[in-house]
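Notes follow the structure.
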Amino acid sequence: MTHHVPFPAGAPVHSLDHWLSPELARISPANAPSRLRQLADAQGTRAAGWSSAIAGGPVLALAGIFFSVTSGNTAAALVLVPLGVVLMLSGFFGWQRARAALPNTDRVLISRGPGSARGGVAMVSVLAVALGAIMVIYLPSAMAKGNGAVQTLVGAFILVLLLLVACIVVPSTVMGRARQSFRRRVQTNQELRRAVEADLVLWRDPHGNAAYGPL
């Protein structure tokens, strides 16, 4: 658990701008721990979760419209479209809050998904191939039924792919850019910068003498 010293012995040896330096980050091992990276990764994990809601809301609304059109019953649209809008708006406001304040690093967040856009795309590609193979198996029976069964099957396949993108690719992209995004916002958002500077003064490594940065 992270501990804070209420009355630190002295001012930090290095300024926040020193630790935010991209050059310093480039020469530091990517897996080397630091307080700044802990803050950026924790904030990125929270923002990634909310980004799934932002991307998933439109998919949910689109699913409602699709199933209403294919079934001729408006019930799906009447239920899923409002839910999609609420989900998207909730995600947007949560995403804004998560990025505007320092996260509570005493609470450990575990993410089991990919940590980069490339990893997210790779995972979705593998799942898409598997789902495509399943769709091909059911395609002959859908063609035999007629009455738009093929269109419904293909449409459902596309919706599942969109949902995978919303739940895997979008958050993994946010997480992969968490440190760069954190650096940019600390440099442009004065309130967030003041919070990080206050943390720099108070924070001490609870396990040793680790430095505050790099990012």
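Identifiers in this document derive from the order of the structure tokens: chains are assigned A, B, ..., residues are numbered from 1 separately in each chain, and ligands are numbered from 1 in order of occurrence.
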Leaving out Arg185 of chain A and any residue of its chain fewer than 3 positions from it, which residues lie within 12 Å of it when counting only C-alpha atoms, given as a PDB file with all heavy atoms, in the first residue's frame?
```
ATOM      1  N   LEU A  20       8.748  14.435 -16.510  1.00  0.00           N
ATOM      2  CA  LEU A  20       7.834  14.338 -17.653  1.00  0.00           C
ATOM      3  C   LEU A  20       8.565  14.295 -18.984  1.00  0.00           C
ATOM      4  O   LEU A  20       7.930  14.090 -20.028  1.00  0.00           O
ATOM      5  CB  LEU A  20       6.878  15.534 -17.658  1.00  0.00           C
ATOM      6  CG  LEU A  20       5.799  15.568 -16.577  1.00  0.00           C
ATOM      7  CD1 LEU A  20       5.049  16.890 -16.617  1.00  0.00           C
ATOM      8  CD2 LEU A  20       4.833  14.400 -16.728  1.00  0.00           C
ATOM      9  N   ALA A  40      -0.193   7.138 -14.264  1.00  0.00           N
ATOM     10  CA  ALA A  40      -0.665   7.143 -15.653  1.00  0.00           C
ATOM     11  C   ALA A  40      -1.372   5.840 -16.003  1.00  0.00           C
ATOM     12  O   ALA A  40      -2.435   5.842 -16.638  1.00  0.00           O
ATOM     13  CB  ALA A  40       0.506   7.390 -16.595  1.00  0.00           C
ATOM     14  N   GLN A  43      -4.763   5.590 -14.132  1.00  0.00           N
ATOM     15  CA  GLN A  43      -5.745   6.474 -14.752  1.00  0.00           C
ATOM     16  C   GLN A  43      -6.161   5.937 -16.120  1.00  0.00           C
ATOM     17  O   GLN A  43      -7.339   5.999 -16.494  1.00  0.00           O
ATOM     18  CB  GLN A  43      -5.165   7.880 -14.887  1.00  0.00           C
ATOM     19  CG  GLN A  43      -6.218   8.930 -15.237  1.00  0.00           C
ATOM     20  CD  GLN A  43      -5.612  10.305 -15.369  1.00  0.00           C
ATOM     21  OE1 GLN A  43      -4.998  10.621 -16.388  1.00  0.00           O
ATOM     22  NE2 GLN A  43      -5.789  11.141 -14.351  1.00  0.00           N
ATOM     23  N   GLN A  96     -14.394  11.491 -18.639  1.00  0.00           N
ATOM     24  CA  GLN A  96     -13.920  12.836 -18.336  1.00  0.00           C
ATOM     25  C   GLN A  96     -13.447  12.940 -16.888  1.00  0.00           C
ATOM     26  O   GLN A  96     -12.396  13.532 -16.599  1.00  0.00           O
ATOM     27  CB  GLN A  96     -15.043  13.855 -18.582  1.00  0.00           C
ATOM     28  CG  GLN A  96     -15.408  14.046 -20.048  1.00  0.00           C
ATOM     29  CD  GLN A  96     -14.431  14.950 -20.777  1.00  0.00           C
ATOM     30  OE1 GLN A  96     -13.257  14.631 -20.932  1.00  0.00           O
ATOM     31  NE2 GLN A  96     -14.905  16.097 -21.220  1.00  0.00           N
ATOM     32  N   ARG A  99     -10.059  11.099 -16.220  1.00  0.00           N
ATOM     33  CA  ARG A  99      -8.872  11.754 -16.764  1.00  0.00           C
ATOM     34  C   ARG A  99      -8.556  13.093 -16.101  1.00  0.00           C
ATOM     35  O   ARG A  99      -7.479  13.635 -16.301  1.00  0.00           O
ATOM     36  CB  ARG A  99      -9.074  11.971 -18.271  1.00  0.00           C
ATOM     37  CG  ARG A  99      -8.946  10.703 -19.087  1.00  0.00           C
ATOM     38  CD  ARG A  99      -9.618  10.845 -20.446  1.00  0.00           C
ATOM     39  NE  ARG A  99      -9.216  12.047 -21.143  1.00  0.00           N
ATOM     40  CZ  ARG A  99      -8.230  12.115 -22.047  1.00  0.00           C
ATOM     41  NH1 ARG A  99      -7.532  11.015 -22.327  1.00  0.00           N
ATOM     42  NH2 ARG A  99      -7.951  13.242 -22.671  1.00  0.00           N
ATOM     43  N   ALA A 100      -9.495  13.615 -15.320  1.00  0.00           N
ATOM     44  CA  ALA A 100      -9.314  14.951 -14.749  1.00  0.00           C
ATOM     45  C   ALA A 100      -8.676  14.931 -13.369  1.00  0.00           C
ATOM     46  O   ALA A 100      -8.241  15.978 -12.881  1.00  0.00           O
ATOM     47  CB  ALA A 100     -10.653  15.680 -14.684  1.00  0.00           C
ATOM     48  N   ALA A 101      -8.625  13.774 -12.722  1.00  0.00           N
ATOM     49  CA  ALA A 101      -8.124  13.715 -11.347  1.00  0.00           C
ATOM     50  C   ALA A 101      -7.138  12.560 -11.200  1.00  0.00           C
ATOM     51  O   ALA A 101      -7.143  11.607 -11.985  1.00  0.00           O
ATOM     52  CB  ALA A 101      -9.285  13.537 -10.379  1.00  0.00           C
ATOM     53  N   LEU A 102      -6.298  12.656 -10.183  1.00  0.00           N
ATOM     54  CA  LEU A 102      -5.354  11.572  -9.915  1.00  0.00           C
ATOM     55  C   LEU A 102      -6.099  10.354  -9.380  1.00  0.00           C
ATOM     56  O   LEU A 102      -6.992  10.485  -8.540  1.00  0.00           O
ATOM     57  CB  LEU A 102      -4.311  12.018  -8.891  1.00  0.00           C
ATOM     58  CG  LEU A 102      -3.294  13.071  -9.341  1.00  0.00           C
ATOM     59  CD1 LEU A 102      -2.246  13.277  -8.263  1.00  0.00           C
ATOM     60  CD2 LEU A 102      -2.637  12.666 -10.647  1.00  0.00           C
ATOM     61  N   ALA A 178      -1.847   5.476 -22.585  1.00  0.00           N
ATOM     62  CA  ALA A 178      -2.117   6.092 -21.280  1.00  0.00           C
ATOM     63  C   ALA A 178      -0.997   7.022 -20.838  1.00  0.00           C
ATOM     64  O   ALA A 178      -1.251   8.123 -20.350  1.00  0.00           O
ATOM     65  CB  ALA A 178      -2.346   5.002 -20.231  1.00  0.00           C
ATOM     66  N   ARG A 179       0.250   6.605 -21.002  1.00  0.00           N
ATOM     67  CA  ARG A 179       1.360   7.422 -20.513  1.00  0.00           C
ATOM     68  C   ARG A 179       1.557   8.681 -21.351  1.00  0.00           C
ATOM     69  O   ARG A 179       1.777   9.763 -20.795  1.00  0.00           O
ATOM     70  CB  ARG A 179       2.644   6.591 -20.478  1.00  0.00           C
ATOM     71  CG  ARG A 179       2.565   5.443 -19.477  1.00  0.00           C
ATOM     72  CD  ARG A 179       3.809   4.582 -19.467  1.00  0.00           C
ATOM     73  NE  ARG A 179       3.667   3.467 -18.530  1.00  0.00           N
ATOM     74  CZ  ARG A 179       4.595   2.535 -18.331  1.00  0.00           C
ATOM     75  NH1 ARG A 179       5.746   2.588 -19.001  1.00  0.00           N
ATOM     76  NH2 ARG A 179       4.373   1.560 -17.470  1.00  0.00           N
ATOM     77  N   GLN A 180       1.476   8.544 -22.669  1.00  0.00           N
ATOM     78  CA  GLN A 180       1.591   9.730 -23.522  1.00  0.00           C
ATOM     79  C   GLN A 180       0.446  10.699 -23.267  1.00  0.00           C
ATOM     80  O   GLN A 180       0.645  11.915 -23.217  1.00  0.00           O
ATOM     81  CB  GLN A 180       1.617   9.322 -25.000  1.00  0.00           C
ATOM     82  CG  GLN A 180       2.773   8.428 -25.392  1.00  0.00           C
ATOM     83  CD  GLN A 180       2.400   6.956 -25.337  1.00  0.00           C
ATOM     84  OE1 GLN A 180       1.756   6.496 -24.384  1.00  0.00           O
ATOM     85  NE2 GLN A 180       2.796   6.216 -26.354  1.00  0.00           N
ATOM     86  N   SER A 181      -0.758  10.155 -23.097  1.00  0.00           N
ATOM     87  CA  SER A 181      -1.926  10.992 -22.842  1.00  0.00           C
ATOM     88  C   SER A 181      -1.800  11.700 -21.496  1.00  0.00           C
ATOM     89  O   SER A 181      -2.141  12.882 -21.363  1.00  0.00           O
ATOM     90  CB  SER A 181      -3.195  10.139 -22.882  1.00  0.00           C
ATOM     91  OG  SER A 181      -4.333  10.900 -22.562  1.00  0.00           O
ATOM     92  N   PHE A 182      -1.307  10.977 -20.492  1.00  0.00           N
ATOM     93  CA  PHE A 182      -1.141  11.569 -19.164  1.00  0.00           C
ATOM     94  C   PHE A 182      -0.136  12.716 -19.208  1.00  0.00           C
ATOM     95  O   PHE A 182      -0.359  13.771 -18.619  1.00  0.00           O
ATOM     96  CB  PHE A 182      -0.679  10.485 -18.183  1.00  0.00           C
ATOM     97  CG  PHE A 182      -0.646  10.928 -16.752  1.00  0.00           C
ATOM     98  CD1 PHE A 182      -1.803  11.046 -16.010  1.00  0.00           C
ATOM     99  CD2 PHE A 182       0.570  11.222 -16.130  1.00  0.00           C
ATOM    100  CE1 PHE A 182      -1.779  11.441 -14.678  1.00  0.00           C
ATOM    101  CE2 PHE A 182       0.616  11.615 -14.800  1.00  0.00           C
ATOM    102  CZ  PHE A 182      -0.562  11.726 -14.076  1.00  0.00           C
ATOM    103  N   THR A 188      -0.981  20.469 -20.031  1.00  0.00           N
ATOM    104  CA  THR A 188      -1.978  21.423 -20.515  1.00  0.00           C
ATOM    105  C   THR A 188      -3.080  21.718 -19.512  1.00  0.00           C
ATOM    106  O   THR A 188      -3.731  22.765 -19.597  1.00  0.00           O
ATOM    107  CB  THR A 188      -2.624  20.910 -21.814  1.00  0.00           C
ATOM    108  OG1 THR A 188      -3.215  19.619 -21.582  1.00  0.00           O
ATOM    109  CG2 THR A 188      -1.589  20.785 -22.925  1.00  0.00           C
ATOM    110  N   ASN A 189      -3.311  20.813 -18.558  1.00  0.00           N
ATOM    111  CA  ASN A 189      -4.368  20.976 -17.566  1.00  0.00           C
ATOM    112  C   ASN A 189      -3.737  21.427 -16.250  1.00  0.00           C
ATOM    113  O   ASN A 189      -3.080  20.652 -15.561  1.00  0.00           O
ATOM    114  CB  ASN A 189      -5.127  19.654 -17.380  1.00  0.00           C
ATOM    115  CG  ASN A 189      -6.324  19.784 -16.464  1.00  0.00           C
ATOM    116  OD1 ASN A 189      -6.284  20.483 -15.461  1.00  0.00           O
ATOM    117  ND2 ASN A 189      -7.411  19.104 -16.818  1.00  0.00           N
ATOM    118  N   GLN A 190      -3.934  22.698 -15.914  1.00  0.00           N
ATOM    119  CA  GLN A 190      -3.272  23.258 -14.736  1.00  0.00           C
ATOM    120  C   GLN A 190      -3.742  22.611 -13.437  1.00  0.00           C
ATOM    121  O   GLN A 190      -2.955  22.410 -12.499  1.00  0.00           O
ATOM    122  CB  GLN A 190      -3.505  24.773 -14.685  1.00  0.00           C
ATOM    123  CG  GLN A 190      -2.785  25.535 -15.782  1.00  0.00           C
ATOM    124  CD  GLN A 190      -1.282  25.267 -15.762  1.00  0.00           C
ATOM    125  OE1 GLN A 190      -0.632  25.334 -14.721  1.00  0.00           O
ATOM    126  NE2 GLN A 190      -0.733  24.941 -16.925  1.00  0.00           N
ATOM    127  N   GLU A 191      -5.010  22.257 -13.354  1.00  0.00           N
ATOM    128  CA  GLU A 191      -5.520  21.622 -12.136  1.00  0.00           C
ATOM    129  C   GLU A 191      -4.881  20.252 -11.926  1.00  0.00           C
ATOM    130  O   GLU A 191      -4.465  19.902 -10.815  1.00  0.00           O
ATOM    131  CB  GLU A 191      -7.043  21.495 -12.217  1.00  0.00           C
ATOM    132  CG  GLU A 191      -7.670  20.926 -10.954  1.00  0.00           C
ATOM    133  CD  GLU A 191      -9.188  20.888 -11.017  1.00  0.00           C
ATOM    134  OE1 GLU A 191      -9.762  21.480 -11.973  1.00  0.00           O
ATOM    135  OE2 GLU A 191      -9.794  20.284 -10.124  1.00  0.00           O
ATOM    136  N   LEU A 192      -4.794  19.477 -13.007  1.00  0.00           N
ATOM    137  CA  LEU A 192      -4.163  18.166 -12.907  1.00  0.00           C
ATOM    138  C   LEU A 192      -2.671  18.315 -12.597  1.00  0.00           C
ATOM    139  O   LEU A 192      -2.114  17.550 -11.806  1.00  0.00           O
ATOM    140  CB  LEU A 192      -4.360  17.392 -14.210  1.00  0.00           C
ATOM    141  CG  LEU A 192      -3.781  15.973 -14.254  1.00  0.00           C
ATOM    142  CD1 LEU A 192      -4.410  15.091 -13.183  1.00  0.00           C
ATOM    143  CD2 LEU A 192      -3.978  15.359 -15.637  1.00  0.00           C
ATOM    144  N   ARG A 193      -2.038  19.296 -13.202  1.00  0.00           N
ATOM    145  CA  ARG A 193      -0.616  19.519 -12.937  1.00  0.00           C
ATOM    146  C   ARG A 193      -0.372  19.848 -11.465  1.00  0.00           C
ATOM    147  O   ARG A 193       0.581  19.335 -10.860  1.00  0.00           O
ATOM    148  CB  ARG A 193      -0.078  20.637 -13.826  1.00  0.00           C
ATOM    149  CG  ARG A 193       1.424  20.871 -13.640  1.00  0.00           C
ATOM    150  CD  ARG A 193       1.929  22.034 -14.461  1.00  0.00           C
ATOM    151  NE  ARG A 193       3.359  22.188 -14.255  1.00  0.00           N
ATOM    152  CZ  ARG A 193       4.306  21.594 -14.980  1.00  0.00           C
ATOM    153  NH1 ARG A 193       3.959  20.803 -15.985  1.00  0.00           N
ATOM    154  NH2 ARG A 193       5.585  21.797 -14.728  1.00  0.00           N
ATOM    155  N   ARG A 194      -1.220  20.705 -10.895  1.00  0.00           N
ATOM    156  CA  ARG A 194      -1.053  21.043  -9.480  1.00  0.00           C
ATOM    157  C   ARG A 194      -1.208  19.807  -8.597  1.00  0.00           C
ATOM    158  O   ARG A 194      -0.502  19.651  -7.584  1.00  0.00           O
ATOM    159  CB  ARG A 194      -2.070  22.124  -9.081  1.00  0.00           C
ATOM    160  CG  ARG A 194      -1.706  23.518  -9.581  1.00  0.00           C
ATOM    161  CD  ARG A 194      -2.573  24.572  -8.911  1.00  0.00           C
ATOM    162  NE  ARG A 194      -3.969  24.470  -9.311  1.00  0.00           N
ATOM    163  CZ  ARG A 194      -4.495  25.102 -10.344  1.00  0.00           C
ATOM    164  NH1 ARG A 194      -3.745  25.900 -11.097  1.00  0.00           N
ATOM    165  NH2 ARG A 194      -5.780  24.970 -10.639  1.00  0.00           N
ATOM    166  N   ALA A 195      -2.139  18.926  -8.971  1.00  0.00           N
ATOM    167  CA  ALA A 195      -2.332  17.706  -8.189  1.00  0.00           C
ATOM    168  C   ALA A 195      -1.101  16.803  -8.265  1.00  0.00           C
ATOM    169  O   ALA A 195      -0.682  16.211  -7.262  1.00  0.00           O
ATOM    170  CB  ALA A 195      -3.569  16.957  -8.691  1.00  0.00           C
ATOM    171  N   VAL A 196      -0.505  16.703  -9.441  1.00  0.00           N
ATOM    172  CA  VAL A 196       0.687  15.871  -9.596  1.00  0.00           C
ATOM    173  C   VAL A 196       1.875  16.496  -8.863  1.00  0.00           C
ATOM    174  O   VAL A 196       2.673  15.792  -8.237  1.00  0.00           O
ATOM    175  CB  VAL A 196       1.015  15.666 -11.087  1.00  0.00           C
ATOM    176  CG1 VAL A 196       2.299  14.853 -11.251  1.00  0.00           C
ATOM    177  CG2 VAL A 196      -0.128  14.950 -11.801  1.00  0.00           C
TER     178      VAL A 196
END
```
task: Apply DSSP to the structure's backbone, then extract all residues of segment 1-211 of chain A labelled helix (DSSP H, G or I) and return them as a count of residues only.
output: 155
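When only C-alpha atoms are used to compute distances to Thr173 of chain A, the closest of the residues A:Gly57, A:Asp205, A:Ala210, A:Gly44 turns out to be A:Gly44.
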If we count only C-alpha atoms and set the cut-off at 10 Å, which residues sit around segment 132-139 of chain A, ignoring sequence neighbours fewer than 4 positions away in its own chain? Please answer as a short mmCIF file (atom, residue, chain, number, x, y, z; two decimals) with N, CA and C atoms, in the first residue's frame.
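Written file, out.cif:
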```cif
data_model
loop_
_atom_site.label_atom_id
_atom_site.label_comp_id
_atom_site.auth_asym_id
_atom_site.auth_seq_id
_atom_site.Cartn_x
_atom_site.Cartn_y
_atom_site.Cartn_z
N VAL A 126 -8.42 -12.72 -34.37
CA VAL A 126 -8.53 -14.16 -34.10
C VAL A 126 -9.97 -14.54 -33.80
N LEU A 127 -10.64 -13.74 -32.97
CA LEU A 127 -12.04 -14.02 -32.65
C LEU A 127 -12.93 -13.89 -33.88
N ALA A 128 -12.62 -12.93 -34.75
CA ALA A 128 -13.42 -12.74 -35.96
C ALA A 128 -13.32 -13.95 -36.88
N MET A 143 -29.56 -19.86 -45.89
CA MET A 143 -29.92 -19.68 -47.30
C MET A 143 -31.16 -20.51 -47.64
N ALA A 144 -31.26 -21.68 -47.03
CA ALA A 144 -32.41 -22.53 -47.31
C ALA A 144 -33.69 -21.94 -46.72
N LYS A 145 -33.59 -21.25 -45.61
CA LYS A 145 -34.77 -20.65 -44.99
C LYS A 145 -35.28 -19.46 -45.78
N ALA A 149 -32.99 -14.49 -43.90
CA ALA A 149 -32.22 -15.17 -42.86
C ALA A 149 -30.73 -14.92 -43.03
N VAL A 150 -30.27 -14.88 -44.28
CA VAL A 150 -28.84 -14.64 -44.53
C VAL A 150 -28.46 -13.24 -44.08
N LEU A 153 -28.23 -13.17 -40.35
CA LEU A 153 -27.02 -13.83 -39.87
C LEU A 153 -25.79 -12.96 -40.08
N VAL A 154 -25.68 -12.38 -41.26
CA VAL A 154 -24.53 -11.52 -41.55
C VAL A 154 -24.57 -10.26 -40.68
N ALA A 156 -25.95 -9.92 -37.72
CA ALA A 156 -25.60 -10.28 -36.35
C ALA A 156 -24.09 -10.47 -36.21
N PHE A 157 -23.48 -11.04 -37.23
CA PHE A 157 -22.03 -11.23 -37.23
C PHE A 157 -21.31 -9.88 -37.17
N ILE A 158 -21.78 -8.93 -37.97
CA ILE A 158 -21.17 -7.59 -37.98
C ILE A 158 -21.35 -6.90 -36.63
N LEU A 161 -18.89 -8.24 -34.19
CA LEU A 161 -17.56 -7.69 -34.47
C LEU A 161 -17.45 -6.27 -33.92
#
```
message: Set the distance at 7 Å and use only C-alpha atoms: which residues neighbour Val169 of chain A once local chain neighbours fewer than 5 positions away are removed? I'd like the list as an MDAnalysis selection string.
response: chainID A and resid 117 120:121
